[in-house]
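So the structure is just underneath, and the comments pick up after that.
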Amino acid sequence: MYYVNREQIEVRLQAIPDIASALQSLASNWQGTLLEGLAQERALHLAIETITDVGSYLIDGFILRDASSYEDIVEITGEAGAFPAAMQPLLIELVKLRKPLVQDYYSWPRTELHAMTCELPDQLREFGHSVEQYLEREL
């Protein structure tokens, strides 16, 4: 029997609507201000952390192969069927933003609207729904 920490997964999935809403608002009203740029960075960062945290809990709970990177977390959970295969390239592209956002933040182009800000809101919502369905199916 697997021990999947559903409580911690659910806490993280509950953050998705706020993150998606913030990204959607930024994309709709973008003017390139410093505040918008900083908000965009944080929302993208939270999206990354949510995807990788949920993925790590799934990997641990279902005793899937160990991940060696953030991209690997997405690949492993995608292979397990936690979200649609078509979503995997976008999620890998997203987690690749972690290093620039967290380590190279000083050179992030804050005045530019990042393409992921526009693409991500619906995909995040679908990710959350897919993970919930996956848990129901597997448990």
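We name chains A, B, ... following the order of the structure tokens; residues begin at 1 in each chain, and ligands are numbered from 1 as shown.
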
Q: Would you mind listing what lies within 12 Å of Ala85 (chain A) as number ranges by chain, with only C-alpha atoms counted and same-chain residues fewer than 5 positions away left out?
A: A: 74-80, 90-92, 127, 130

Test item: residues at most 9 Å from Phe62 (chain A), only C-alpha atoms, excluding those fewer than 2 positions along its chain, as a CSV table (one decimal) with C-alpha atoms, in the first residue's frame:
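Generated file (selection_2.csv):
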```
chain,number,residue,atom,x,y,z
A,2,TYR,CA,1.3,3.5,-0.9
A,3,TYR,CA,1.4,6.4,1.5
A,4,VAL,CA,0.6,9.4,-0.6
A,57,TYR,CA,5.0,14.1,-3.4
A,58,LEU,CA,3.6,11.9,-6.2
A,59,ILE,CA,7.1,10.4,-6.8
A,60,ASP,CA,7.6,9.7,-3.1
A,64,LEU,CA,8.4,6.1,-8.7
```

**Q.** Option closest in space to Glu119 (chain A), from A:Ser68, A:Arg12, A:Ala27, A:Asn5 [counting only C-alpha atoms]
**A.** A:Ala27

Q: Going by DSSP on the backbone, which bits of region 59-99 of chain A are helix (DSSP H, G or I)? Write them as a ChimeraX atom specification, please.
A: /A:59-61,70-80,85-95,98-99

Q. In terms of the shortest atom-to-atom distance over only C-alpha atoms, which of A:Gly37, A:Pro89, A:Gly61, A:Gly32 is closest to Tyr105 (chain A)?
A.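 Selected residue with least distance to Tyr105 (chain A): A:Gly37.
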
**Q.** For Gln88 (chain A), the nearest of the candidates A:Leu35, A:Ala67, A:Leu124, A:Ala22, counting only C-alpha atoms
**A.**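 Of all the options, A:Leu124 lies closest to Gln88 (chain A).
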
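Reported to one decimal place, the separation of CA of Ala39 (chain A) from CA of Glu112 (chain A) is 12.0 Å.
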
Q.
What's the separation between CA of Arg125 (chain A) and CA of Ile73 (chain A), in Å to one decimal place?
A. 18.5 Å

Q. Excluding same-chain residues fewer than 2 positions from Leu113 (chain A), what lies within 12 Å of it counting only C-alpha atoms, as a list in words?
A.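 In the requested form, the answer reads Leu23, Gln24, Ser25, Leu26, Ala27, Ser28, Asn29, Trp30, Gln31, Gly32, Thr33, Leu34, Glu36, Gly37, Leu38, Ala39, Gln40, Glu41, Leu44, Trp108, Pro109, Arg110, Thr111, Ala115, Met116, Thr117, Cys118 and Glu119 of chain A.
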
**Q.** Residue among A:Glu7, A:Phe83, A:Ala20, A:Ser107 lying closest to His129 (chain A), counting only C-alpha atoms
**A.**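 Once distances to His129 (chain A) are computed over only C-alpha atoms, the minimum belongs to A:Phe83.
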
Q) Which is closest to Gln133 (chain A) among A:Ile51, A:Ala43, A:Ile19, A:Ala82, if we use only C-alpha atoms? A)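 Checking each of A:Ile51, A:Ala43, A:Ile19, A:Ala82 against Gln133 (chain A), counting only C-alpha atoms, the winner is A:Ala82.
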
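Nearest residue to Gly81 (chain A), choosing from A:Thr50, A:Gly55, A:His114, A:Lys96 and counting only C-alpha atoms: A:Gly55.
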